[in-house]
Structure formats: C-alpha cells, structure tokens
Amino acid sequence: MDTVTATRRFFLKQLASLSAMLTLSIPAKNVLAKGKTALTDVRVSESNNDHTRVVFDLSNEIDHSIFTLASPNRIVIDLKGVRKSAALVSDENKTKLLKGIRSAVRKNNDLRIVLDLNSKVRPRSFILQPDKQLGHRLVVDMHATSLSPTPIKTSQQQRRQKKKEFVIAIDPGHGGKDPGAVGRKGTLEKDITLAVAKKLKVMINRTAGYRCVLTRDTDRFVVLRNRVKAARKHQADLFVSLHADAFKSPKVEGASVYALSLNGASSEAARWIAHKENSSDLIGGISLDDKDDLIASVLLDLSQTATIQDSLELGSDVLKHLGKVGKLNKKSVQQAGFAVLKAPDMPSILIETAFISNPKEERRLKSPKHQHKIAKAILAGIKNHMKNQLV
Ligand SMILES: [Zn+2]
C-alpha cells in the first residue's frame with residue numbers, strides 16, 4: 001500500500017465515525033455477503049417544514065454513495081447490490097422539500113435512487129445498525145439551505161430549469177501554436193480534432209435535449225485548465241477531449257479512450273483545496289469553503305471517485321461504438337493523469353481517435369466522411385451512457 005492510499009484509508013477510518021456529519025457518506029467496509037440485499041421499505045417524515053428525513057429499510061448492511069445535482073435540484077443515491085421490493089412512488093413520499101422519489105436498476109446489480117427536490121438542500125446520510133425493533137437502515141436527512149438566498153433567476157435559467165438540457169463539452173485537442181502530433185503526410189492533430197469536434201457539435205445540437213459547447217472553435221491555443229474552466233462555466237454534464245495519437249512505429253494503430261487515474265486525482269485534489277475559497281460550486285453545489293482541509297479533502301476524494309467511475313462507464317460506451325468504425329488500440333478504458341480530465345464533478349474522457357502516425361489512419365482521419373463516422377460513434381456512445389443513467 002502506498003502512502004497516499006494509507007493516508008486516505010486513515011482519513012476514511014477517522015471520518016467513518018463522523019459520517020453522520022458529512023454530506024457524502026463513507027462506504028462501509030467488508031460489506032455484502034453474496035446475494036442481494038432487499039430494499040424493503042421507504043419511510044418519509046417531515047418536521048418544522050424545513051427538515052425531511054427519508055429512511056430506507058434494508059435486509060442487510062449496504063455500501064452506498066450519495067451526491068446532489070442542481071437544475072433541477074435532486075439527490076442521487078446509489079445502493080450497491082440492492083434490489084427493490086418496496087414501492088417508492090407514493091403521495092406519502094412528498095414533503096415541502098421532497099417532490100418525489102424515482103429509482104432504476106444500474107449496472108445490473110445496483111439500485112439508483114433519485115430524490116427530486118423542491119429546493120436546494122444540504123443532505124446528510126448515515127447508516128443505522130439493527131436494534132431491537134428495526135433492521136439495517138440508511139437515513140438521509142435534508143435541510144433547506146438557508147445559507148444562500150434564492151437568487152433571482154434570469155429567463156435563461158428559468159428555461160433551463162423547465163427543461164433540463166444535457167450539456168456536452170467537446171474539447172478539440174491542441175490548437176494555435178501547438179499543432180499536436182504530425183502525420184507523415186503533414187496532417188496536424190489540431191486540425192483533425194477541430195474538424196471532428198465541429199461535426200460532433202452539429203450532431204449533438206440536432207439531438208433533442210442535448211447542447212454542445214466547444215472549448216475552442218477556431219485554430220487557437222487554449223491552455224488546458226481554461227478548457228476545463230470553459231466547460232464548467234457552461235455547466236457541462238460531460239467533458240470529451242479529442243486527440244489523435246502518434247508513435248515511433250508507423251504500424252501502431254487504433255483508438256483508445258482515457259479516464260483520470262486516482263493518482264492524478266489526488267494531486268489535483270490538493271490544488272483544489274488550496275484554492276477552495278474560489279470553489280464554492282465544487283461538489284454538486286456543496287461548498288467546501290466552510291470545511292476544514294481534512295474534511296474538504298475527503299469530500300473531494302469521494303466526489304472524484306464517483307466521477308471517475310462515471311467517466312470509466314462513459315469511456316467504455318464510447319469505446320464500444322468506436323470499435324465499430326475503426327480498429328481499437330486498447331479494448332478497455334485506460335487511466336492516466338491528464339490535466340483536462342481533472343474536474344472533480346464532471347465525468348471526463350479523452351479520446352485518441354486513431355494514430356495520425358499510421359499512414360492508413362492518417363488518410364482516414366483526413367477524410368470528412370470518416371471524421372463524420374467518428375463523431376457519430378462518439379455521440380452514440382454518449383447516448384448509450386445517458387440511457388443507463390438515471391439522474
Ligand atoms: Zn493530442
């Protein structure tokens with residue numbers, strides 16, 4: 001075990017006892033025996049109009065994660081290895097804060113629960129062990145956030161809230177003074193990435209409910225951090241960086257997809273915390289600036305872990321579709337510490353569309369027809385991923 005892992009485990013252990021105070025729960029250790037845990041009941045209660053408690057009754061101990069999302073406000077809870085036997089949709093499950101409860105099976109084995117909210121809340125979750133009367137329980141408490149008054153909405157925000165748009169940031173790699181990799185025939189990576197990105201933008205914007213933002217739409221140089229910043233400014237739900245690979249040997253070929261590695265994430269977390277006063281929107285609207293560094297680092301760590309998991313799932317959906325239009329260099333999603341993938345709360349992938357250093361692939365990358373195919377495959381992968389998300 002390396003020091004980082006050891007330190008993280010130490011923090012988690014220390015914080016497990018405090019989990020009721022944390023916004024995100026600490027996954028329970030050594031959880032499930034084989035076989036599925038059943039969600040047997042859901043109970044909702046309300047006090048003082050500004051506090052709602054949701055209790056999930058479970059047949060066994062579980063591992064769960066929880067995070068909040070805005071526009072519209074909701075809490076997402078993933079229950080690992082849980083099947084549903086309780087009805088979640090009921091008029092009794094409505095309070096001043098809670099609009100309703102939805103659920104869907106995820107990754108065949110997990111249950112995702114979405115608590116739709118009438119306003120922004122601060123959720124806290126904790127696990128209760130069986131006592132004389134009741135069994136295993138997951139408790140989610142929510143209070144209306146009184147810290148930030150409801151801002152006056154612009155008409156654009158109102159439109160957005162009425163019909164949630166899914167915003168995809170497409171990042172054409174390189175640009176301007178940075179040409180990226182260069183093919184044997186002189187093809188520049190920066191031109192290919194921009195051409196594919198523009199095609200993708202048209203396709204995405206033609207899809208109902210989807211909107212595309214490009215981190216650059218001309219041949220200009222953009223530093224890596226500003227690419228992520230631009231995506232965050234547009235409240236992007238996904239970030240997809242486009243590239244074309246190069247290698248010494250002209251024979252190497254095929255596409256690959258990358259997500260962030262945890263090592264890359266932990267060094268980045270330190271940077272975020274150092275600037276946490278500027279990061280009030282960090283984790284699904286939960287501010288870190290009132291937390292001390294230790295708590296902030298754990299919250300960030302858990303958010304980033306969930307984001308990486310989502311990025312890996314998105315990556316494998318995209319990879320599957322890229323495999324239909326060309327060769328794959330790596331059949332599974334790779335992980336690395338790329339700077340553009342480091343937003344802690346936005347699933348992000350980097351796609352090496354093909355090898356520009358391979359003459360055959362260079363030719364294909366230059367062809368508008370093939371660029372169109374690549375763009376189509378990426379969008380198909382994104383759509384596939386979204387179909388499996390209940391958010
Ligand atoms: Zn590149």
# chains A, B, ... in the order shown; residues from 1 in each chain; ligands from 1
>>> select_by_dssp(residues="region 178-258 of chain A", states="helix (DSSP H, G or I)", output="VMD selection string")
chain A and resid 189 to 206 224 to 233
>>> write_last_selection(atoms="N, CA, C and O atoms", output="short mmCIF file (atom, residue, chain, number, x, y, z; two decimals), in the first residue's frame")
data_model
loop_
_atom_site.label_atom_id
_atom_site.label_comp_id
_atom_site.auth_asym_id
_atom_site.auth_seq_id
_atom_site.Cartn_x
_atom_site.Cartn_y
_atom_site.Cartn_z
N GLU A 189 -2.59 17.20 -35.93
CA GLU A 189 -3.59 16.72 -34.98
C GLU A 189 -4.61 17.82 -34.66
O GLU A 189 -5.81 17.56 -34.59
N LYS A 190 -4.15 19.06 -34.48
CA LYS A 190 -5.06 20.15 -34.09
C LYS A 190 -6.16 20.38 -35.13
O LYS A 190 -7.27 20.78 -34.78
N ASP A 191 -5.86 20.13 -36.42
CA ASP A 191 -6.87 20.32 -37.46
C ASP A 191 -7.90 19.19 -37.44
O ASP A 191 -9.10 19.41 -37.65
N ILE A 192 -7.40 17.97 -37.23
CA ILE A 192 -8.31 16.82 -37.18
C ILE A 192 -9.27 16.94 -36.00
O ILE A 192 -10.48 16.75 -36.14
N THR A 193 -8.71 17.29 -34.83
CA THR A 193 -9.58 17.35 -33.64
C THR A 193 -10.66 18.42 -33.81
O THR A 193 -11.81 18.21 -33.44
N LEU A 194 -10.28 19.55 -34.41
CA LEU A 194 -11.27 20.61 -34.62
C LEU A 194 -12.34 20.20 -35.63
O LEU A 194 -13.54 20.45 -35.43
N ALA A 195 -11.89 19.51 -36.69
CA ALA A 195 -12.86 19.08 -37.71
C ALA A 195 -13.86 18.09 -37.13
O ALA A 195 -15.08 18.21 -37.36
N VAL A 196 -13.38 17.13 -36.34
CA VAL A 196 -14.28 16.14 -35.75
C VAL A 196 -15.20 16.84 -34.74
O VAL A 196 -16.41 16.58 -34.69
N ALA A 197 -14.62 17.76 -33.96
CA ALA A 197 -15.41 18.46 -32.93
C ALA A 197 -16.55 19.24 -33.56
O ALA A 197 -17.68 19.23 -33.05
N LYS A 198 -16.28 19.90 -34.69
CA LYS A 198 -17.34 20.70 -35.33
C LYS A 198 -18.47 19.81 -35.84
O LYS A 198 -19.65 20.17 -35.75
N LYS A 199 -18.10 18.65 -36.37
CA LYS A 199 -19.14 17.72 -36.85
C LYS A 199 -19.96 17.21 -35.66
O LYS A 199 -21.18 17.10 -35.73
N LEU A 200 -19.24 16.92 -34.58
CA LEU A 200 -19.91 16.42 -33.38
C LEU A 200 -20.88 17.47 -32.84
O LEU A 200 -21.99 17.15 -32.40
N LYS A 201 -20.45 18.72 -32.88
CA LYS A 201 -21.29 19.80 -32.36
C LYS A 201 -22.62 19.86 -33.11
O LYS A 201 -23.69 19.95 -32.50
N VAL A 202 -22.55 19.79 -34.43
CA VAL A 202 -23.78 19.82 -35.23
C VAL A 202 -24.69 18.67 -34.85
O VAL A 202 -25.90 18.83 -34.63
N MET A 203 -24.10 17.47 -34.73
CA MET A 203 -24.91 16.28 -34.40
C MET A 203 -25.53 16.40 -33.01
O MET A 203 -26.69 16.05 -32.81
N ILE A 204 -24.75 16.85 -32.05
CA ILE A 204 -25.25 16.96 -30.68
C ILE A 204 -26.39 17.96 -30.62
O ILE A 204 -27.44 17.70 -30.04
N ASN A 205 -26.17 19.12 -31.24
CA ASN A 205 -27.21 20.16 -31.18
C ASN A 205 -28.47 19.77 -31.93
O ASN A 205 -29.53 20.34 -31.70
N ARG A 206 -28.37 18.78 -32.81
CA ARG A 206 -29.56 18.28 -33.50
C ARG A 206 -30.33 17.29 -32.64
O ARG A 206 -31.44 16.91 -32.97
N LEU A 224 -4.69 24.18 -20.94
CA LEU A 224 -5.53 23.05 -20.53
C LEU A 224 -6.56 23.43 -19.47
O LEU A 224 -7.72 23.07 -19.57
N ARG A 225 -6.10 24.16 -18.45
CA ARG A 225 -7.03 24.49 -17.36
C ARG A 225 -8.21 25.34 -17.85
O ARG A 225 -9.32 25.22 -17.34
N ASN A 226 -7.94 26.20 -18.83
CA ASN A 226 -9.02 27.04 -19.33
C ASN A 226 -10.05 26.24 -20.11
O ASN A 226 -11.20 26.65 -20.25
N ARG A 227 -9.62 25.11 -20.63
CA ARG A 227 -10.57 24.24 -21.34
C ARG A 227 -11.59 23.69 -20.35
O ARG A 227 -12.80 23.70 -20.60
N VAL A 228 -11.09 23.23 -19.20
CA VAL A 228 -11.99 22.71 -18.16
C VAL A 228 -12.85 23.84 -17.61
O VAL A 228 -14.06 23.69 -17.41
N LYS A 229 -12.22 24.98 -17.40
CA LYS A 229 -12.94 26.14 -16.87
C LYS A 229 -14.11 26.52 -17.78
O LYS A 229 -15.21 26.79 -17.32
N ALA A 230 -13.86 26.53 -19.08
CA ALA A 230 -14.91 26.90 -20.03
C ALA A 230 -16.08 25.92 -19.93
O ALA A 230 -17.24 26.32 -19.94
N ALA A 231 -15.76 24.64 -19.80
CA ALA A 231 -16.81 23.63 -19.70
C ALA A 231 -17.62 23.82 -18.42
O ALA A 231 -18.85 23.74 -18.42
N ARG A 232 -16.93 24.11 -17.33
CA ARG A 232 -17.63 24.32 -16.05
C ARG A 232 -18.51 25.56 -16.11
O ARG A 232 -19.58 25.60 -15.52
N LYS A 233 -18.03 26.59 -16.80
CA LYS A 233 -18.79 27.83 -16.90
C LYS A 233 -20.15 27.56 -17.57
O LYS A 233 -21.15 28.14 -17.22
#
>>> residues_near_ligand(ligand="ligand 1", cutoff="7 Å", atoms="only C-alpha atoms and all ligand atoms", output="count of residues only")
8
>>> closest_residue(among="A:Leu69, A:Leu58, A:Leu322, A:Met386", to="Lys373 (chain A)", atoms="only C-alpha atoms")
A:Leu322
>>> residues_around(residues="region 376-378 of chain A", least_positions_apart="3", cutoff="7 Å", atoms="only C-alpha atoms", output="PDB file with N, CA, C and O atoms, in the first residue's frame")
ATOM      1  N   VAL A 318     -18.313   4.651 -25.201  1.00  0.00           N
ATOM      2  CA  VAL A 318     -17.764   5.298 -26.399  1.00  0.00           C
ATOM      3  C   VAL A 318     -16.835   4.342 -27.143  1.00  0.00           C
ATOM      4  O   VAL A 318     -16.878   4.214 -28.371  1.00  0.00           O
ATOM      5  N   HIS A 321     -18.550   1.845 -29.384  1.00  0.00           N
ATOM      6  CA  HIS A 321     -19.007   2.378 -30.674  1.00  0.00           C
ATOM      7  C   HIS A 321     -17.851   2.735 -31.598  1.00  0.00           C
ATOM      8  O   HIS A 321     -17.972   2.583 -32.809  1.00  0.00           O
ATOM      9  N   LEU A 322     -16.739   3.207 -31.025  1.00  0.00           N
ATOM     10  CA  LEU A 322     -15.570   3.495 -31.865  1.00  0.00           C
ATOM     11  C   LEU A 322     -15.053   2.212 -32.518  1.00  0.00           C
ATOM     12  O   LEU A 322     -14.545   2.226 -33.633  1.00  0.00           O
ATOM     13  N   HIS A 372     -16.853  12.132 -39.888  1.00  0.00           N
ATOM     14  CA  HIS A 372     -18.278  12.060 -39.586  1.00  0.00           C
ATOM     15  C   HIS A 372     -18.610  10.758 -38.841  1.00  0.00           C
ATOM     16  O   HIS A 372     -19.356  10.751 -37.860  1.00  0.00           O
ATOM     17  N   LYS A 373     -17.990   9.667 -39.298  1.00  0.00           N
ATOM     18  CA  LYS A 373     -18.224   8.358 -38.655  1.00  0.00           C
ATOM     19  C   LYS A 373     -17.731   8.361 -37.218  1.00  0.00           C
ATOM     20  O   LYS A 373     -18.379   7.805 -36.320  1.00  0.00           O
ATOM     21  N   GLY A 381     -22.044   6.591 -28.325  1.00  0.00           N
ATOM     22  CA  GLY A 381     -21.533   6.156 -27.026  1.00  0.00           C
ATOM     23  C   GLY A 381     -22.088   7.010 -25.896  1.00  0.00           C
ATOM     24  O   GLY A 381     -22.502   6.490 -24.854  1.00  0.00           O
ATOM     25  N   ILE A 382     -22.139   8.316 -26.107  1.00  0.00           N
ATOM     26  CA  ILE A 382     -22.668   9.228 -25.085  1.00  0.00           C
ATOM     27  C   ILE A 382     -24.146   8.927 -24.828  1.00  0.00           C
ATOM     28  O   ILE A 382     -24.592   8.833 -23.691  1.00  0.00           O
TER      29      ILE A 382
END
>>> residues_around(residues="region 306-310 of chain A", least_positions_apart="2", cutoff="6 Å", atoms="only C-alpha atoms", output="list in words")
Ser303, Gln304, Leu312, Glu313, Asp345 and Pro347 of chain A
>>> closest_residue(among="A:Asn388, A:Ser47, A:Asn93, A:Ser125", to="Ile77 (chain A)", atoms="only C-alpha atoms")
A:Ser125
